file structure-v7.cif (mmCIF, C-alpha atoms; chains and numbers go by the auth columns)
data_input
loop_
_atom_site.group_PDB
_atom_site.id
_atom_site.type_symbol
_atom_site.label_atom_id
_atom_site.label_comp_id
_atom_site.label_asym_id
_atom_site.label_seq_id
_atom_site.Cartn_x
_atom_site.Cartn_y
_atom_site.Cartn_z
_atom_site.B_iso_or_equiv
_atom_site.auth_seq_id
_atom_site.auth_asym_id
ATOM 1 C CA MET A 1 19.262 -10.163 -1.074 0.00 877 A
ATOM 2 C CA THR A 2 19.994 -7.425 1.434 0.00 878 A
ATOM 3 C CA THR A 3 17.592 -6.362 4.150 0.00 879 A
ATOM 4 C CA PRO A 4 16.343 -2.811 3.584 0.00 880 A
ATOM 5 C CA THR A 5 17.236 -0.132 6.096 0.00 881 A
ATOM 6 C CA THR A 6 14.354 0.581 8.458 0.00 882 A
ATOM 7 C CA LEU A 7 13.928 4.021 9.979 0.00 883 A
ATOM 8 C CA THR A 8 11.791 4.867 12.992 0.00 884 A
ATOM 9 C CA PRO A 9 9.448 7.862 12.655 0.00 885 A
ATOM 10 C CA ALA A 10 11.877 9.913 14.795 0.00 886 A
ATOM 11 C CA GLN A 11 14.825 9.008 12.540 0.00 887 A
ATOM 12 C CA ALA A 12 12.826 9.661 9.372 0.00 888 A
ATOM 13 C CA THR A 13 11.587 13.041 10.622 0.00 889 A
ATOM 14 C CA GLY A 14 15.117 14.319 10.977 0.00 890 A
ATOM 15 C CA ARG A 15 16.097 13.114 7.510 0.00 891 A
ATOM 16 C CA LEU A 16 12.841 13.534 5.555 0.00 892 A
ATOM 17 C CA GLY A 17 14.345 16.201 3.288 0.00 893 A
ATOM 18 C CA GLU A 18 16.999 13.733 2.084 0.00 894 A
ATOM 19 C CA PHE A 19 14.463 11.197 0.813 0.00 895 A
ATOM 20 C CA THR A 20 12.102 10.825 -2.076 0.00 896 A
ATOM 21 C CA VAL A 21 9.158 9.323 -0.199 0.00 897 A
ATOM 22 C CA VAL A 22 7.054 6.752 -2.058 0.00 898 A
ATOM 23 C CA ASP A 23 3.758 5.550 -0.565 0.00 899 A
ATOM 24 C CA VAL A 24 2.808 2.102 -1.933 0.00 900 A
ATOM 25 C CA ARG A 25 -0.756 1.992 -0.554 0.00 901 A
ATOM 26 C CA THR A 26 -3.868 2.192 -2.689 0.00 902 A
ATOM 27 C CA PRO A 27 -4.824 5.683 -3.892 0.00 903 A
ATOM 28 C CA GLY A 28 -7.806 5.693 -1.527 0.00 904 A
ATOM 29 C CA GLU A 29 -5.621 4.875 1.480 0.00 905 A
ATOM 30 C CA TYR A 30 -3.059 7.466 0.372 0.00 906 A
ATOM 31 C CA ALA A 31 -5.780 10.145 0.126 0.00 907 A
ATOM 32 C CA GLY A 32 -6.757 9.376 3.726 0.00 908 A
ATOM 33 C CA GLY A 33 -3.428 10.790 4.911 0.00 909 A
ATOM 34 C CA HIS A 34 0.223 10.333 3.984 0.00 910 A
ATOM 35 C CA VAL A 35 3.732 11.382 4.976 0.00 911 A
ATOM 36 C CA PRO A 36 4.305 14.954 3.745 0.00 912 A
ATOM 37 C CA GLY A 37 5.664 15.058 0.202 0.00 913 A
ATOM 38 C CA ALA A 38 5.047 11.361 -0.479 0.00 914 A
ATOM 39 C CA HIS A 39 4.396 10.216 -4.042 0.00 915 A
ATOM 40 C CA ASN A 40 1.719 7.539 -4.498 0.00 916 A
ATOM 41 C CA ILE A 41 2.904 4.488 -6.456 0.00 917 A
ATOM 42 C CA PRO A 42 0.630 1.557 -5.493 0.00 918 A
ATOM 43 C CA LEU A 43 2.519 -1.683 -4.852 0.00 919 A
ATOM 44 C CA ASP A 44 0.816 -3.418 -7.784 0.00 920 A
ATOM 45 C CA ARG A 45 2.146 -0.688 -10.136 0.00 921 A
ATOM 46 C CA LEU A 46 5.702 -0.585 -8.814 0.00 922 A
ATOM 47 C CA ASP A 47 7.127 -2.371 -11.863 0.00 923 A
ATOM 48 C CA GLU A 48 5.520 0.231 -14.162 0.00 924 A
ATOM 49 C CA ALA A 49 7.274 2.952 -12.169 0.00 925 A
ATOM 50 C CA ALA A 50 10.710 1.274 -12.193 0.00 926 A
ATOM 51 C CA GLN A 51 12.403 3.786 -14.513 0.00 927 A
ATOM 52 C CA ALA A 52 11.021 6.811 -12.655 0.00 928 A
ATOM 53 C CA LEU A 53 12.061 5.296 -9.315 0.00 929 A
ATOM 54 C CA LYS A 54 15.563 4.585 -10.654 0.00 930 A
ATOM 55 C CA ALA A 55 15.809 8.237 -11.742 0.00 931 A
ATOM 56 C CA ALA A 56 14.676 9.403 -8.286 0.00 932 A
ATOM 57 C CA ALA A 57 17.109 7.012 -6.565 0.00 933 A
ATOM 58 C CA ALA A 58 19.970 8.384 -8.682 0.00 934 A
ATOM 59 C CA ARG A 59 19.349 11.821 -7.084 0.00 935 A
ATOM 60 C CA GLY A 60 19.076 10.554 -3.499 0.00 936 A
ATOM 61 C CA PRO A 61 17.718 7.801 -1.252 0.00 937 A
ATOM 62 C CA LEU A 62 14.163 6.452 -1.429 0.00 938 A
ATOM 63 C CA LEU A 63 11.909 5.901 1.586 0.00 939 A
ATOM 64 C CA ILE A 64 9.110 3.414 0.913 0.00 940 A
ATOM 65 C CA VAL A 65 6.017 3.778 3.105 0.00 941 A
ATOM 66 C CA CYS A 66 2.706 1.933 3.572 0.00 942 A
ATOM 67 C CA ALA A 67 0.187 1.580 6.394 0.00 943 A
ATOM 68 C CA SER A 68 2.175 -0.725 8.697 0.00 944 A
ATOM 69 C CA GLY A 69 5.440 -1.537 6.916 0.00 945 A
ATOM 70 C CA ALA A 70 4.564 -4.913 5.346 0.00 946 A
ATOM 71 C CA ARG A 71 3.833 -3.649 1.816 0.00 947 A
ATOM 72 C CA ALA A 72 6.779 -1.254 2.026 0.00 948 A
ATOM 73 C CA ALA A 73 9.085 -4.211 2.768 0.00 949 A
ATOM 74 C CA LYS A 74 7.690 -6.029 -0.293 0.00 950 A
ATOM 75 C CA GLY A 75 8.231 -2.891 -2.335 0.00 951 A
ATOM 76 C CA CYS A 76 11.842 -2.655 -1.180 0.00 952 A
ATOM 77 C CA GLU A 77 12.398 -6.301 -2.149 0.00 953 A
ATOM 78 C CA ARG A 78 11.025 -5.661 -5.641 0.00 954 A
ATOM 79 C CA LEU A 79 13.123 -2.530 -6.029 0.00 955 A
ATOM 80 C CA ALA A 80 16.246 -4.364 -4.803 0.00 956 A
ATOM 81 C CA ALA A 81 15.664 -6.950 -7.542 0.00 957 A
ATOM 82 C CA LEU A 82 15.774 -4.027 -10.000 0.00 958 A
ATOM 83 C CA GLY A 83 18.988 -2.715 -8.464 0.00 959 A
ATOM 84 C CA VAL A 84 17.338 0.151 -6.563 0.00 960 A
ATOM 85 C CA ALA A 85 18.093 0.518 -2.848 0.00 961 A
ATOM 86 C CA ALA A 86 15.401 1.912 -0.573 0.00 962 A
ATOM 87 C CA ALA A 87 14.624 2.261 3.133 0.00 963 A
ATOM 88 C CA THR A 88 11.313 1.613 4.891 0.00 964 A
ATOM 89 C CA LEU A 89 9.460 3.473 7.623 0.00 965 A
ATOM 90 C CA GLU A 90 9.062 1.267 10.701 0.00 966 A
ATOM 91 C CA GLY A 91 5.360 0.860 11.445 0.00 967 A
ATOM 92 C CA GLY A 92 4.370 2.827 8.329 0.00 968 A
ATOM 93 C CA THR A 93 2.057 5.813 8.337 0.00 969 A
ATOM 94 C CA SER A 94 0.223 4.369 11.343 0.00 970 A
ATOM 95 C CA ALA A 95 3.364 4.681 13.485 0.00 971 A
ATOM 96 C CA TRP A 96 4.166 8.041 11.876 0.00 972 A
ATOM 97 C CA GLU A 97 0.806 9.493 12.855 0.00 973 A
ATOM 98 C CA THR A 98 0.809 7.846 16.302 0.00 974 A
ATOM 99 C CA ALA A 99 4.182 9.505 16.958 0.00 975 A
ATOM 100 C CA GLY A 100 2.498 12.865 16.386 0.00 976 A
ATOM 101 C CA ARG A 101 4.080 13.505 12.994 0.00 977 A
ATOM 102 C CA PRO A 102 2.070 15.531 10.464 0.00 978 A
ATOM 103 C CA VAL A 103 0.211 13.907 7.579 0.00 979 A
ATOM 104 C CA GLU A 104 -1.011 15.499 4.368 0.00 980 A
ATOM 105 C CA ARG A 105 -4.593 15.059 3.239 0.00 981 A
ATOM 106 C CA PRO A 106 -6.119 16.496 0.067 0.00 982 A
ATOM 107 C CA ALA A 107 -8.478 19.415 0.705 0.00 983 A
ATOM 108 C CA THR A 108 -11.320 17.365 -0.739 0.00 984 A
ATOM 109 C CA ALA A 109 -10.400 14.110 1.025 0.00 985 A
ATOM 110 C CA ARG A 110 -13.385 12.045 1.977 0.00 986 A
ATOM 111 C CA ALA A 111 -14.482 12.390 5.568 0.00 987 A
ATOM 112 C CA ARG A 112 -14.057 8.662 5.976 0.00 988 A
ATOM 113 C CA ALA A 113 -10.843 7.195 4.557 0.00 989 A
ATOM 114 C CA PRO A 114 -10.834 3.528 3.548 0.00 990 A
ATOM 115 C CA TRP A 115 -9.428 0.974 5.941 0.00 991 A
ATOM 116 C CA PRO A 116 -5.857 -0.231 5.408 0.00 992 A
ATOM 117 C CA MET A 117 -5.724 -3.054 2.858 0.00 993 A
ATOM 118 C CA ASP A 118 -4.715 -5.737 5.363 0.00 994 A
ATOM 119 C CA ARG A 119 -7.835 -4.937 7.403 0.00 995 A
ATOM 120 C CA GLN A 120 -10.023 -5.064 4.271 0.00 996 A
ATOM 121 C CA VAL A 121 -8.553 -8.491 3.415 0.00 997 A
ATOM 122 C CA ARG A 122 -9.156 -9.833 6.940 0.00 998 A
ATOM 123 C CA LEU A 123 -12.760 -8.600 6.900 0.00 999 A
ATOM 124 C CA THR A 124 -13.476 -10.054 3.451 0.00 1000 A
ATOM 125 C CA ALA A 125 -11.783 -13.400 4.142 0.00 1001 A
ATOM 126 C CA GLY A 126 -13.453 -13.740 7.545 0.00 1002 A
ATOM 127 C CA THR A 127 -16.870 -12.890 6.099 0.00 1003 A
ATOM 128 C CA LEU A 128 -16.515 -15.440 3.293 0.00 1004 A
ATOM 129 C CA VAL A 129 -15.349 -18.188 5.676 0.00 1005 A
ATOM 130 C CA PHE A 130 -18.220 -17.449 8.087 0.00 1006 A
ATOM 131 C CA LEU A 131 -20.789 -17.384 5.265 0.00 1007 A
ATOM 132 C CA GLY A 132 -19.431 -20.653 3.865 0.00 1008 A
ATOM 133 C CA PHE A 133 -19.704 -22.271 7.287 0.00 1009 A
ATOM 134 C CA VAL A 134 -23.245 -21.023 8.008 0.00 1010 A
ATOM 135 C CA ALA A 135 -24.534 -21.804 4.504 0.00 1011 A
ATOM 136 C CA GLY A 136 -22.894 -25.219 4.774 0.00 1012 A
ATOM 137 C CA LEU A 137 -25.143 -26.056 7.732 0.00 1013 A
ATOM 138 C CA ALA A 138 -28.158 -25.913 5.403 0.00 1014 A
ATOM 139 C CA TRP A 139 -26.421 -26.997 2.195 0.00 1015 A
ATOM 140 C CA PRO A 140 -23.167 -28.947 2.881 0.00 1016 A
ATOM 141 C CA PRO A 141 -21.465 -28.170 -0.475 0.00 1017 A
ATOM 142 C CA ALA A 142 -21.313 -24.492 0.626 0.00 1018 A
ATOM 143 C CA HIS A 143 -18.508 -25.492 3.018 0.00 1019 A
ATOM 144 C CA TRP A 144 -16.291 -25.472 -0.078 0.00 1020 A
ATOM 145 C CA LEU A 145 -16.371 -21.664 0.038 0.00 1021 A
ATOM 146 C CA SER A 146 -14.620 -21.721 3.410 0.00 1022 A
ATOM 147 C CA GLY A 147 -12.131 -24.259 2.094 0.00 1023 A
ATOM 148 C CA LEU A 148 -11.351 -22.177 -0.981 0.00 1024 A
ATOM 149 C CA VAL A 149 -10.756 -19.045 1.088 0.00 1025 A
ATOM 150 C CA GLY A 150 -8.492 -21.041 3.422 0.00 1026 A
ATOM 151 C CA ALA A 151 -6.550 -22.374 0.433 0.00 1027 A
ATOM 152 C CA GLY A 152 -6.206 -18.838 -0.926 0.00 1028 A
ATOM 153 C CA LEU A 153 -4.841 -17.613 2.412 0.00 1029 A
ATOM 154 C CA LEU A 154 -2.407 -20.529 2.514 0.00 1030 A
ATOM 155 C CA LEU A 155 -1.214 -19.720 -1.019 0.00 1031 A
ATOM 156 C CA SER A 156 -0.917 -16.060 -0.034 0.00 1032 A
ATOM 157 C CA GLY A 157 1.314 -16.954 2.908 0.00 1033 A
ATOM 158 C CA VAL A 158 3.524 -19.278 0.855 0.00 1034 A
ATOM 159 C CA THR A 159 3.964 -16.912 -2.117 0.00 1035 A
ATOM 160 C CA ASN A 160 3.932 -13.645 -0.117 0.00 1036 A
ATOM 161 C CA THR A 161 1.313 -12.251 -2.512 0.00 1037 A
ATOM 162 C CA CYS A 162 -2.376 -11.582 -2.017 0.00 1038 A
ATOM 163 C CA GLY A 163 -4.880 -12.020 -4.819 0.00 1039 A
ATOM 164 C CA MET A 164 -7.706 -10.807 -2.597 0.00 1040 A
ATOM 165 C CA ALA A 165 -5.855 -7.540 -1.926 0.00 1041 A
ATOM 166 C CA ALA A 166 -5.297 -7.115 -5.666 0.00 1042 A
ATOM 167 C CA LEU A 167 -9.036 -7.503 -6.269 0.00 1043 A
ATOM 168 C CA LEU A 168 -10.055 -5.254 -3.371 0.00 1044 A
ATOM 169 C CA SER A 169 -7.674 -2.516 -4.534 0.00 1045 A
ATOM 170 C CA ARG A 170 -9.818 -2.137 -7.664 0.00 1046 A
ATOM 171 C CA LEU A 171 -12.990 -1.314 -5.723 0.00 1047 A
ATOM 172 C CA PRO A 172 -14.261 2.283 -5.986 0.00 1048 A
ATOM 173 C CA HIS A 173 -13.447 3.221 -2.380 0.00 1049 A
ATOM 174 C CA ASN A 174 -9.780 2.312 -2.980 0.00 1050 A
ATOM 175 C CA ARG A 175 -9.447 4.441 -6.115 0.00 1051 A
ATOM 176 C CA PRO A 176 -7.988 7.941 -6.108 0.00 1052 A
ATOM 177 C CA PRO A 177 -10.205 10.980 -5.575 0.00 1053 A
ATOM 178 C CA LYS A 178 -11.025 12.942 -8.734 0.00 1054 A
ATOM 179 C CA ASP A 179 -8.616 15.746 -7.814 0.00 1055 A
ATOM 180 C CA ALA A 180 -5.679 13.397 -7.118 0.00 1056 A
ATOM 181 C CA VAL A 181 -2.419 13.612 -9.040 0.00 1057 A
ATOM 182 C CA SER A 182 -2.534 10.996 -11.800 0.00 1058 A
ATOM 183 C CA PHE A 183 -0.168 8.039 -11.872 0.00 1059 A
ATOM 184 C CA GLU A 184 1.407 9.388 -15.064 0.00 1060 A
ATOM 185 C CA GLU A 185 1.967 12.817 -13.484 0.00 1061 A
ATOM 186 C CA THR A 186 3.519 11.144 -10.442 0.00 1062 A
ATOM 187 C CA LEU A 187 5.955 9.301 -12.723 0.00 1063 A
ATOM 188 C CA LEU A 188 6.906 12.580 -14.404 0.00 1064 A
ATOM 189 C CA ARG A 189 7.494 14.228 -11.007 0.00 1065 A
ATOM 190 C CA LEU A 190 9.657 11.329 -9.841 0.00 1066 A
ATOM 191 C CA THR A 191 11.698 11.410 -13.042 0.00 1067 A
ATOM 192 C CA ALA A 192 12.158 15.205 -13.121 0.00 1068 A
ATOM 193 C CA GLY A 193 12.807 15.670 -9.420 0.00 1069 A
ATOM 194 C CA PRO A 194 11.754 18.301 -6.866 0.00 1070 A
ATOM 195 C CA ALA A 195 11.613 21.117 -9.424 0.00 1071 A
ATOM 196 C CA ALA A 196 8.632 19.403 -11.123 0.00 1072 A
ATOM 197 C CA ALA A 197 6.638 18.843 -7.923 0.00 1073 A
#
call {"tool": "encode", "arguments": {"input": "structure-v7.cif", "output": "structure tokens"}}
result
Amino acid sequence: MTTPTTLTPAQATGRLGEFTVVDVRTPGEYAGGHVPGAHNIPLDRLDEAAQALKAAAARGPLLIVCASGARAAKGCERLAALGVAAATLEGGTSAWETAGRPVERPATARARAPWPMDRQVRLTAGTLVFLGFVAGLAWPPAHWLSGLVGAGLLLSGVTNTCGMAALLSRLPHNRPPKDAVSFEETLLRLTAGPAAA
């Protein structure tokens, strides 16, 4: 498997018009601010979008973006397995915004965007481990909660997947705003090209 090309924000800025930009974060994260012109295809729905992404890649290169670059790299790996080449943005939208590049936000975006998914996972896992430890002081079998979370994190590291992130992505604050472009409409735009956007 080939390593995807990684572009810095400065490199991507100069070439942004060449790319179809695909943001693989949750709809809630995407609504909090994204690279201009990016299409939102959450990582867990990438396989559903395979045909549309192949059509977009046939017209020009893809740039896969997330919050920090980790999910984008996973997305590129999955696309490579489908025969679709894509580049990633080094440091994701966090680095993009830190470099002073513009981000798009819906007019009705919530005042407080959800945290990036990796931060939500760390908070949830840490809370569960702490609660399991504290509850275990009064009732020793509660220590199993901490053990189960640790086992889940170990499995996540070995398989490079995250069940907790998949569950958290379904929470209301990670869902798209009511005025967001639907997943189906996004697929149509990717398939038809810039004229449909």
call {"tool": "resolve_selection", "arguments": {"input": "structure-v7.cif", "expression": "the PyMOL selection byres ((chain A and resi 1047) around 12)", "output": "ChimeraX atom specification"}}
result
/A:902-904,990,993,996,1040-1046,1048-1052
call {"tool": "closest_residue", "arguments": {"input": "structure-v7.cif", "among": "A:Ala975, A:Lys1054, A:Val1005, A:Phe895", "to": "Ala961 (chain A)", "atoms": "all atoms listed in the file"}}
result
A:Phe895
call {"tool": "resolve_selection", "arguments": {"input": "structure-v7.cif", "expression": "the PyMOL selection byres ((chain A and resi 936) around 12)", "output": "ChimeraX atom specification"}}
result
/A:891-897,929-935,937-939,960-963,1066,1069-1070
call {"tool": "resolve_selection", "arguments": {"input": "structure-v7.cif", "expression": "the PyMOL selection byres ((chain A and resi 978) around 9)", "output": "PyMOL selection string"}}
result
chain A and resi 910-912+972-973+976-977+979-980
call {"tool": "residues_around", "arguments": {"input": "structure-v7.cif", "residues": "Gly1008 (chain A)", "least_positions_apart": "3", "cutoff": "10 Å", "atoms": "all atoms listed in the file", "output": "number ranges by chain"}}
result
A: 1002-1005, 1011-1013, 1015-1025
call {"tool": "residues_around", "arguments": {"input": "structure-v7.cif", "residues": "region 882-884 of chain A", "least_positions_apart": "3", "cutoff": "7 Å", "atoms": "all atoms listed in the file", "output": "CSV table (one decimal) with C-alpha atoms, keeping the file's coordinate frame"}}
result
chain,number,residue,atom,x,y,z
A,887,GLN,CA,14.8,9.0,12.5
A,888,ALA,CA,12.8,9.7,9.4
A,963,ALA,CA,14.6,2.3,3.1
A,964,THR,CA,11.3,1.6,4.9
A,965,LEU,CA,9.5,3.5,7.6
A,966,GLU,CA,9.1,1.3,10.7
call {"tool": "residues_around", "arguments": {"input": "structure-v7.cif", "residues": "region 1028-1038 of chain A", "least_positions_apart": "6", "cutoff": "9 Å", "atoms": "all atoms listed in the file", "output": "list in words"}}
result
Lys950, Val997 and Ala1001 of chain A
call {"tool": "atom_distance", "arguments": {"input": "structure-v7.cif", "atom1": "CA of Asp994 (chain A)", "atom2": "CA of Thr889 (chain A)"}}
result
25.4 Å
call {"tool": "closest_residue", "arguments": {"input": "structure-v7.cif", "among": "A:Ala971, A:Ala925, A:Ala886, A:Cys942", "to": "Val900 (chain A)", "atoms": "only C-alpha atoms"}}
result
A:Cys942
call {"tool": "atom_distance", "arguments": {"input": "structure-v7.cif", "atom1": "CA of Thr974 (chain A)", "atom2": "CA of Leu922 (chain A)"}}
result
26.9 Å
call {"tool": "atom_distance", "arguments": {"input": "structure-v7.cif", "atom1": "CA of His915 (chain A)", "atom2": "CA of Thr1062 (chain A)"}}
result
6.5 Å
call {"tool": "closest_residue", "arguments": {"input": "structure-v7.cif", "among": "A:Gly968, A:Pro992, A:Gly951, A:Pro982", "to": "Asp920 (chain A)", "atoms": "all atoms listed in the file"}}
result
A:Gly951
call {"tool": "axis_aligned_box", "arguments": {"input": "structure-v7.cif", "around": "region 946-956 of chain A", "padding_each_side": "5 Å", "output": "AutoDock Vina command-line options"}}
result
--center_x 10.0 --center_y -3.8 --center_z -0.3 --size_x 22.4 --size_y 15.0 --size_z 21.4
call {"tool": "closest_residue", "arguments": {"input": "structure-v7.cif", "among": "A:Gly959, A:Val941, A:Ala948, A:Gly1026", "to": "Phe1009 (chain A)", "atoms": "all atoms listed in the file"}}
result
A:Gly1026
